[in-house]
Amino acid sequence: MKYIPEPFRIKMVEKIKMLTREEREQRIKAADYNLFGLHAQDVYIDLLTDSGTGAMSSDQWSGVMLGDEAYAGSKSYHNLIKAGKDIFGYDYIQPVHQGRAAEKVLFPLFLSKGKYAISNTFFDTTRAHVELAGARAIDCVSEEAKKPAVRAPFKGNMDIEKLEKTINELGAENVGLIVLTITNNSAGGQPVSMENIKATADICKKYNIVMEIDAARFAENAFFIKRDEAGYAHKPLPVIIREMFSYGDIFHMSSKKDAIVNIGGILGVKDGANPIIAGIKANCISYEGFYTYGGLSGRDMEALAIGLYEGIDEDFLRYRIGQCEYLAAQLDEAGIAYQSPVGGHGLFIDAAAMYPQIPHHEFPAQVLAIELYKEAGIRTCDIGSYMLGNDPDTGVQLKSDFEFTRFAIPRRVYTQAHFDIMAEALIAIKSRAHEQKRGLKILWEPPILRHFQAKLEWI
Ligand SMILES: *Cc1c(COP(=O)(O)O)cnc(C)c1O
């Protein structure tokens, strides 16, 4: 598998340093075995997230200098609206400061106690905002997604049969929203096919439920549709993106992912006459800022307007997904299991396969994340039972469908040599994985989104 060369050259660099093994062991212990507690300067390769960690281009940095900081109706706001309308084809575009801000603004308009929201898979903050609105979140991901070794395209798909069955069980009037996450982050960055987007929209129409798209990685999803779905190979990405969004009523996105900015988010409503827009504006003004900046500075909106176009460039996406495939090919050779085929924004290593002796309530994916830091200063995170947390009603630890350790790849940041180090570290850890007898226990946890703050200890 050949590494696809970078479609850019480097103009500015940032120094990184590998600590000694002894120092790394001391640092992770001091952080209570929570990777979020490490100082970033103690990390050599930071794969904690691909969110807000991308490298902006010289064009984007130029845009930063042009940012118009007017409180209302700035030029940068209008540049962002123009880009948003052009790319997504929606009438109303609302800037917000990040994805979860859009969730806070939007979800209480549809969800309350006794209501349900259904998704292929809810992302963690998205699930949290469903629960904060008083409702319950239900996942209906395809069965294939639950088998990491099964190599199938579009494993992020909604299980349409299960979706319809769930709606009928709950009563359509109790389902406030259907949220289609593209790509499906928690299932391994797996894409959703155009056919599945359309089928989900058909169910929404049939039962008169709003179809909301959680579009953080819409560009990667469009690339997969073009590459793998019949009938799309010759369509330009902008056309595919327009079709994807044409099936939704509302979308929200964290622009810290595919729009390659360090902060920002967007909320969109297809129909400019939709009365929900008044509610969005009101909530935005209360929580985020006036609706023409939504918690962003003018320069943020300017960089975002430019980044939206850079993120849908096909050469860039081919290189980006090629990086993941390059790493995956080395893992295939070493017999290391991961959610396959690779997703858009990284690799999700199957930690349950690496540590079959460690049960879900001892957090095998967190064990692997700690081992990677100790081995090579690589920071990853758990996307498994540790992240999923406890049942909000009973407080009992939930069992995740997956125990993944996520290698989230920042955009335009790391090079081929860094990817070789990632592969070498995983191979070294696998060779001694059988010696790891027990996992971790939680010493302290907050009631919601615990994985960001919890304190852990080895059993
Ligand atoms: C990142 C993300 C969010 C939340 O966005 P933030 O900008 O981190 O607040 C929501 N949904 C998905 C699918 C995401 O990947």
# chains A, B, ... in the order shown; residues from 1 in each chain; ligands from 1
call {"tool": "residues_around", "arguments": {"residues": "Lys198 of chain A", "least_positions_apart": "6", "cutoff": "12 Å", "atoms": "only C-alpha atoms", "output": "JSON, numbers by chain"}}
result
{"A": [157, 158, 160, 180, 192, 204, 205, 211, 213, 243, 244, 245, 246, 247, 248]}
call {"tool": "closest_atom_pairs", "arguments": {"of": "chain A", "to": "ligand 1", "cutoff": "10 Å", "atoms": "only C-alpha atoms and all ligand atoms", "output": "CSV"}}
result
residue,atom,partner,partner_atom_place_in_ligand_line,distance
A:Thr49,CA,ligand 1,1 (C),8.8
A:Asp50,CA,ligand 1,1 (C),8.6
A:Ser51,CA,ligand 1,1 (C),6.2
A:Gly52,CA,ligand 1,7 (O),7.8
A:Val96,CA,ligand 1,7 (O),9.4
A:His97,CA,ligand 1,7 (O),7.6
A:Gln98,CA,ligand 1,7 (O),3.9
A:Gly99,CA,ligand 1,5 (O),3.3
A:Arg100,CA,ligand 1,9 (O),3.7
A:Ala101,CA,ligand 1,9 (O),6.3
A:Ala102,CA,ligand 1,9 (O),8.0
A:Glu103,CA,ligand 1,10 (C),7.9
A:Lys104,CA,ligand 1,9 (O),9.8
A:Thr121,CA,ligand 1,13 (C),8.7
A:Phe122,CA,ligand 1,13 (C),7.2
A:Phe123,CA,ligand 1,11 (N),5.0
A:Asp124,CA,ligand 1,10 (C),7.3
A:Thr125,CA,ligand 1,4 (C),5.8
A:Thr126,CA,ligand 1,10 (C),5.5
A:Arg127,CA,ligand 1,10 (C),9.0
A:His129,CA,ligand 1,10 (C),9.9
A:Val179,CA,ligand 1,11 (N),10.0
A:Leu180,CA,ligand 1,13 (C),9.1
A:Thr181,CA,ligand 1,13 (C),5.6
A:Ile182,CA,ligand 1,13 (C),6.8
A:Thr183,CA,ligand 1,13 (C),7.1
A:Asn184,CA,ligand 1,13 (C),6.5
A:Asn185,CA,ligand 1,13 (C),5.3
A:Ser186,CA,ligand 1,13 (C),7.6
A:Gly189,CA,ligand 1,15 (O),8.7
A:Ile213,CA,ligand 1,13 (C),9.3
A:Asp214,CA,ligand 1,13 (C),5.7
A:Ala215,CA,ligand 1,13 (C),6.6
A:Ala216,CA,ligand 1,15 (O),5.2
A:Arg217,CA,ligand 1,15 (O),6.9
A:Phe218,CA,ligand 1,13 (C),9.6
A:His252,CA,ligand 1,10 (C),8.1
A:Met253,CA,ligand 1,10 (C),6.6
A:Ser254,CA,ligand 1,7 (O),4.0
A:Ser255,CA,ligand 1,7 (O),6.6
A:Lys256,CA,ligand 1,7 (O),5.8
A:Lys257,CA,ligand 1,1 (C),7.0
A:Asp258,CA,ligand 1,15 (O),9.6
A:Asn262,CA,ligand 1,7 (O),9.4
A:Ile263,CA,ligand 1,7 (O),7.3
A:Gly264,CA,ligand 1,7 (O),6.7
A:Gly265,CA,ligand 1,7 (O),6.3
A:Ile266,CA,ligand 1,7 (O),9.5
A:His345,CA,ligand 1,15 (O),9.6
call {"tool": "residues_around", "arguments": {"residues": "Leu177 of chain A", "least_positions_apart": "4", "cutoff": "8 Å", "atoms": "only C-alpha atoms", "output": "list in words"}}
result
Phe110, Leu111, Tyr116, Ala117, Ile118, Ile209, Val210, Met211 and Glu212 of chain A
call {"tool": "write_last_selection", "arguments": {"atoms": "C-alpha atoms", "output": "mmCIF file, in the first residue's frame"}}
result
data_model
loop_
_atom_site.group_PDB
_atom_site.id
_atom_site.type_symbol
_atom_site.label_atom_id
_atom_site.label_comp_id
_atom_site.auth_asym_id
_atom_site.auth_seq_id
_atom_site.Cartn_x
_atom_site.Cartn_y
_atom_site.Cartn_z
ATOM 1 C CA PHE A 110 -37.946 19.256 19.531
ATOM 2 C CA LEU A 111 -37.224 17.190 22.640
ATOM 3 C CA TYR A 116 -37.225 10.051 22.112
ATOM 4 C CA ALA A 117 -34.575 10.773 19.523
ATOM 5 C CA ILE A 118 -33.316 7.993 17.255
ATOM 6 C CA ILE A 209 -40.801 13.137 11.999
ATOM 7 C CA VAL A 210 -38.104 15.780 11.430
ATOM 8 C CA MET A 211 -34.938 14.455 9.746
ATOM 9 C CA GLU A 212 -31.857 16.072 11.208
#
call {"tool": "select_by_dssp", "arguments": {"residues": "segment 159-240 of chain A", "states": "helix (DSSP H, G or I)", "output": "ChimeraX atom specification"}}
result
/A:160-170,172-174,194-207,218-228,237-240
call {"tool": "select_by_dssp", "arguments": {"residues": "segment 239-307 of chain A", "states": "strand (DSSP E)", "output": "number ranges by chain"}}
result
A: 250-254, 265-269
call {"tool": "residues_around", "arguments": {"residues": "Met301 of chain A", "least_positions_apart": "3", "cutoff": "8 Å", "atoms": "only C-alpha atoms", "output": "number ranges by chain"}}
result
A: 67, 76-77, 79-80, 95, 264, 293, 296-298, 304-305
call {"tool": "write_last_selection", "arguments": {"atoms": "N, CA and C atoms", "output": "PDB file, in the first residue's frame"}}
result
ATOM      1  N   GLY A  67     -10.944  39.220   8.618  1.00  0.00           N
ATOM      2  CA  GLY A  67     -12.167  39.068   9.416  1.00  0.00           C
ATOM      3  C   GLY A  67     -12.796  40.398   9.772  1.00  0.00           C
ATOM      4  N   SER A  76     -17.830  39.000   7.062  1.00  0.00           N
ATOM      5  CA  SER A  76     -17.417  37.599   7.242  1.00  0.00           C
ATOM      6  C   SER A  76     -18.633  36.702   7.454  1.00  0.00           C
ATOM      7  N   TYR A  77     -19.643  37.206   8.177  1.00  0.00           N
ATOM      8  CA  TYR A  77     -20.894  36.450   8.345  1.00  0.00           C
ATOM      9  C   TYR A  77     -21.513  36.194   6.972  1.00  0.00           C
ATOM     10  N   ASN A  79     -20.064  36.150   4.072  1.00  0.00           N
ATOM     11  CA  ASN A  79     -19.237  35.205   3.305  1.00  0.00           C
ATOM     12  C   ASN A  79     -19.530  33.765   3.732  1.00  0.00           C
ATOM     13  N   LEU A  80     -19.718  33.580   5.041  1.00  0.00           N
ATOM     14  CA  LEU A  80     -20.016  32.234   5.550  1.00  0.00           C
ATOM     15  C   LEU A  80     -21.394  31.765   5.067  1.00  0.00           C
ATOM     16  N   PRO A  95     -24.355  30.422  12.148  1.00  0.00           N
ATOM     17  CA  PRO A  95     -23.092  30.072  12.808  1.00  0.00           C
ATOM     18  C   PRO A  95     -23.290  29.855  14.304  1.00  0.00           C
ATOM     19  N   GLY A 264     -15.687  26.370  15.692  1.00  0.00           N
ATOM     20  CA  GLY A 264     -16.838  26.776  14.879  1.00  0.00           C
ATOM     21  C   GLY A 264     -17.830  25.659  14.674  1.00  0.00           C
ATOM     22  N   TYR A 293     -23.325  36.137  14.464  1.00  0.00           N
ATOM     23  CA  TYR A 293     -21.973  35.626  14.786  1.00  0.00           C
ATOM     24  C   TYR A 293     -21.990  34.355  15.624  1.00  0.00           C
ATOM     25  N   LEU A 296     -18.916  33.158  17.435  1.00  0.00           N
ATOM     26  CA  LEU A 296     -17.649  33.169  16.680  1.00  0.00           C
ATOM     27  C   LEU A 296     -17.204  34.606  16.442  1.00  0.00           C
ATOM     28  N   SER A 297     -15.894  34.794  16.344  1.00  0.00           N
ATOM     29  CA  SER A 297     -15.387  36.094  15.906  1.00  0.00           C
ATOM     30  C   SER A 297     -15.509  36.170  14.383  1.00  0.00           C
ATOM     31  N   GLY A 298     -15.439  37.377  13.852  1.00  0.00           N
ATOM     32  CA  GLY A 298     -15.505  37.541  12.392  1.00  0.00           C
ATOM     33  C   GLY A 298     -14.415  36.748  11.693  1.00  0.00           C
ATOM     34  N   LEU A 304     -13.664  29.838   8.305  1.00  0.00           N
ATOM     35  CA  LEU A 304     -14.614  28.742   8.110  1.00  0.00           C
ATOM     36  C   LEU A 304     -15.183  28.748   6.687  1.00  0.00           C
ATOM     37  N   ALA A 305     -15.518  29.944   6.200  1.00  0.00           N
ATOM     38  CA  ALA A 305     -16.066  30.049   4.838  1.00  0.00           C
ATOM     39  C   ALA A 305     -15.069  29.477   3.828  1.00  0.00           C
TER      40      ALA A 305
END
call {"tool": "residues_around", "arguments": {"residues": "segment 139-149 of chain A", "least_positions_apart": "4", "cutoff": "7 Å", "atoms": "only C-alpha atoms", "output": "list in words"}}
result
Ile118, Ser119, Asn120, Thr121, Phe122, Lys155, Gly156, Asn157, Met158, Asp159, Lys162, Leu163, Ala187, Ala337, Tyr338, Gln339, Ser340, Asp401 and Phe402 of chain A
call {"tool": "write_last_selection", "arguments": {"atoms": "C-alpha atoms", "output": "PDB file, in the first residue's frame"}}
result
ATOM      1  CA  ILE A 118     -33.316   7.993  17.255  1.00  0.00           C
ATOM      2  CA  SER A 119     -29.998   7.904  15.410  1.00  0.00           C
ATOM      3  CA  ASN A 120     -27.814   5.453  13.509  1.00  0.00           C
ATOM      4  CA  THR A 121     -25.376   6.176  16.381  1.00  0.00           C
ATOM      5  CA  PHE A 122     -25.399   9.271  18.562  1.00  0.00           C
ATOM      6  CA  LYS A 155     -21.255   0.208   7.857  1.00  0.00           C
ATOM      7  CA  GLY A 156     -22.445   3.505   9.332  1.00  0.00           C
ATOM      8  CA  ASN A 157     -25.927   2.972   7.892  1.00  0.00           C
ATOM      9  CA  MET A 158     -29.154   3.218   9.847  1.00  0.00           C
ATOM     10  CA  ASP A 159     -30.863  -0.168  10.283  1.00  0.00           C
ATOM     11  CA  LYS A 162     -35.104  -1.548  13.291  1.00  0.00           C
ATOM     12  CA  LEU A 163     -35.784   2.193  12.961  1.00  0.00           C
ATOM     13  CA  ALA A 187     -19.234   3.310  14.820  1.00  0.00           C
ATOM     14  CA  ALA A 337      -8.097  -6.032  14.265  1.00  0.00           C
ATOM     15  CA  TYR A 338      -9.827  -2.720  13.651  1.00  0.00           C
ATOM     16  CA  GLN A 339     -13.197  -1.498  12.384  1.00  0.00           C
ATOM     17  CA  SER A 340     -12.773  -2.392   8.738  1.00  0.00           C
ATOM     18  CA  ASP A 401     -21.365  -2.662  21.176  1.00  0.00           C
ATOM     19  CA  PHE A 402     -17.696  -1.853  20.537  1.00  0.00           C
TER      20      PHE A 402
END
call {"tool": "atom_distance", "arguments": {"atom1": "atom CA of Leu456 of chain A", "atom2": "atom CA of Asn34 of chain A"}}
result
6.8 Å
call {"tool": "atom_distance", "arguments": {"atom1": "atom CA of Ala278 of chain A", "atom2": "atom CA of Ala201 of chain A"}}
result
23.9 Å
call {"tool": "closest_atom_pairs", "arguments": {"of": "segment 398-432 of chain A", "to": "segment 348-353 of chain A", "cutoff": "9 Å", "atoms": "only C-alpha atoms", "output": "JSON lines"}}
result
{"residue": "A:Phe402", "atom": "CA", "partner": "A:Asp350", "partner_atom": "CA", "distance": 7.6}
{"residue": "A:Glu403", "atom": "CA", "partner": "A:Ala352", "partner_atom": "CA", "distance": 5.5}
{"residue": "A:Phe404", "atom": "CA", "partner": "A:Asp350", "partner_atom": "CA", "distance": 5.0}
{"residue": "A:Thr405", "atom": "CA", "partner": "A:Ile349", "partner_atom": "CA", "distance": 5.1}
{"residue": "A:Arg406", "atom": "CA", "partner": "A:Phe348", "partner_atom": "CA", "distance": 4.5}
{"residue": "A:Phe407", "atom": "CA", "partner": "A:Phe348", "partner_atom": "CA", "distance": 6.1}
{"residue": "A:Ala408", "atom": "CA", "partner": "A:Phe348", "partner_atom": "CA", "distance": 8.2}
call {"tool": "write_last_selection", "arguments": {"atoms": "N, CA, C and O atoms", "output": "compact mmCIF listing (two decimals), in the first residue's frame"}}
result
# COMPACT_ATOMS: atom_id res chain seq x y z
N PHE A 402 -19.10 -1.81 20.97
CA PHE A 402 -17.70 -1.85 20.54
C PHE A 402 -16.79 -1.48 21.69
O PHE A 402 -17.16 -0.72 22.57
N GLU A 403 -15.57 -2.01 21.66
CA GLU A 403 -14.52 -1.50 22.54
C GLU A 403 -13.39 -1.03 21.62
O GLU A 403 -12.46 -1.76 21.32
N PHE A 404 -13.52 0.21 21.14
CA PHE A 404 -12.53 0.75 20.20
C PHE A 404 -11.57 1.71 20.91
O PHE A 404 -11.98 2.47 21.78
N THR A 405 -10.31 1.66 20.47
CA THR A 405 -9.36 2.72 20.81
C THR A 405 -9.18 3.53 19.53
O THR A 405 -8.77 2.99 18.50
N ARG A 406 -9.54 4.80 19.60
CA ARG A 406 -9.60 5.61 18.38
C ARG A 406 -8.31 6.35 18.10
O ARG A 406 -7.82 7.08 18.94
N PHE A 407 -7.78 6.12 16.89
CA PHE A 407 -6.69 6.92 16.35
C PHE A 407 -7.34 7.97 15.46
O PHE A 407 -7.63 7.70 14.30
N ALA A 408 -7.63 9.15 16.00
CA ALA A 408 -8.25 10.20 15.18
C ALA A 408 -7.13 11.00 14.52
O ALA A 408 -6.23 11.48 15.20
call {"tool": "atom_distance", "arguments": {"atom1": "atom CA of Gly272 of chain A", "atom2": "atom CA of Tyr92 of chain A"}}
result
5.6 Å
call {"tool": "closest_residue", "arguments": {"among": "A:Arg151, A:His434, A:Lys270, A:Lys455", "to": "Gly84 of chain A", "atoms": "only C-alpha atoms"}}
result
A:Lys270
call {"tool": "closest_residue", "arguments": {"among": "A:Ile276, A:Ile370, A:Ala365, A:Met194", "to": "Val105 of chain A", "atoms": "only C-alpha atoms"}}
result
A:Ile276
call {"tool": "closest_residue", "arguments": {"among": "A:Lys437, A:Cys381, A:Arg411, A:Gly279", "to": "Gly37 of chain A", "atoms": "only C-alpha atoms"}}
result
A:Cys381
call {"tool": "closest_residue", "arguments": {"among": "A:Tyr326, A:Tyr355, A:Tyr386, A:Tyr90", "to": "Met1 of chain A", "atoms": "only C-alpha atoms"}}
result
A:Tyr326
call {"tool": "closest_residue", "arguments": {"among": "A:Asp391, A:Glu302, A:Asp313, A:Glu161", "to": "Pro238 of chain A", "atoms": "only C-alpha atoms"}}
result
A:Asp313
call {"tool": "decode", "arguments": {"residues": "segment 272-284 of chain A", "atoms": "all heavy atoms", "output": "compact mmCIF listing (two decimals), in the first residue's frame"}}
result
# COMPACT_ATOMS: atom_id res chain seq x y z
N GLY A 272 -36.52 28.09 4.28
CA GLY A 272 -36.42 29.40 4.92
C GLY A 272 -37.71 29.84 5.60
O GLY A 272 -37.70 30.75 6.43
N ALA A 273 -38.85 29.18 5.27
CA ALA A 273 -40.14 29.54 5.89
C ALA A 273 -40.44 28.68 7.11
O ALA A 273 -41.49 28.83 7.75
CB ALA A 273 -41.26 29.39 4.86
N ASN A 274 -39.53 27.75 7.46
CA ASN A 274 -39.75 26.86 8.61
C ASN A 274 -39.82 27.68 9.90
O ASN A 274 -38.87 28.41 10.22
CB ASN A 274 -38.59 25.84 8.68
CG ASN A 274 -38.83 24.73 9.69
OD1 ASN A 274 -39.51 24.93 10.70
ND2 ASN A 274 -38.26 23.58 9.41
N PRO A 275 -40.93 27.60 10.65
CA PRO A 275 -41.07 28.43 11.85
C PRO A 275 -40.02 28.14 12.94
O PRO A 275 -39.84 28.94 13.85
CB PRO A 275 -42.49 28.12 12.35
CG PRO A 275 -42.88 26.85 11.68
CD PRO A 275 -42.11 26.77 10.40
N ILE A 276 -39.33 27.00 12.83
CA ILE A 276 -38.32 26.65 13.84
C ILE A 276 -37.16 27.67 13.84
O ILE A 276 -36.45 27.82 14.84
CB ILE A 276 -37.80 25.20 13.60
CG1 ILE A 276 -37.34 24.57 14.90
CG2 ILE A 276 -36.72 25.15 12.57
CD1 ILE A 276 -38.45 24.24 15.86
N ILE A 277 -37.00 28.38 12.72
CA ILE A 277 -35.89 29.35 12.62
C ILE A 277 -36.01 30.43 13.70
O ILE A 277 -35.00 30.84 14.28
CB ILE A 277 -35.84 29.97 11.19
CG1 ILE A 277 -35.47 28.89 10.18
CG2 ILE A 277 -34.84 31.13 11.13
CD1 ILE A 277 -35.60 29.29 8.73
N ALA A 278 -37.24 30.84 14.02
CA ALA A 278 -37.44 31.85 15.07
C ALA A 278 -36.92 31.32 16.40
O ALA A 278 -36.26 32.05 17.17
CB ALA A 278 -38.91 32.23 15.18
N GLY A 279 -37.18 30.04 16.70
CA GLY A 279 -36.71 29.42 17.94
C GLY A 279 -35.19 29.31 17.95
O GLY A 279 -34.55 29.52 18.99
N ILE A 280 -34.62 28.97 16.81
CA ILE A 280 -33.15 28.87 16.71
C ILE A 280 -32.52 30.22 17.00
O ILE A 280 -31.57 30.33 17.78
CB ILE A 280 -32.75 28.36 15.30
CG1 ILE A 280 -33.13 26.87 15.15
CG2 ILE A 280 -31.26 28.58 15.04
CD1 ILE A 280 -32.92 26.32 13.75
N LYS A 281 -33.07 31.27 16.39
CA LYS A 281 -32.51 32.62 16.60
C LYS A 281 -32.62 33.01 18.07
O LYS A 281 -31.66 33.54 18.65
CB LYS A 281 -33.23 33.65 15.73
CG LYS A 281 -32.81 33.61 14.27
CD LYS A 281 -33.55 34.71 13.50
CE LYS A 281 -33.03 34.85 12.08
NZ LYS A 281 -33.87 35.72 11.26
N ALA A 282 -33.77 32.73 18.67
CA ALA A 282 -33.99 33.12 20.08
C ALA A 282 -33.00 32.39 20.99
O ALA A 282 -32.35 33.01 21.84
CB ALA A 282 -35.43 32.82 20.49
N ASN A 283 -32.87 31.07 20.81
CA ASN A 283 -31.93 30.31 21.65
C ASN A 283 -30.49 30.73 21.39
O ASN A 283 -29.67 30.77 22.30
CB ASN A 283 -32.07 28.80 21.39
CG ASN A 283 -33.26 28.22 22.12
OD1 ASN A 283 -33.90 28.90 22.91
ND2 ASN A 283 -33.57 26.96 21.84
N CYS A 284 -30.20 31.04 20.14
CA CYS A 284 -28.84 31.43 19.79
C CYS A 284 -28.49 32.75 20.48
O CYS A 284 -27.41 32.89 21.06
CB CYS A 284 -28.72 31.55 18.27
SG CYS A 284 -27.03 31.57 17.73
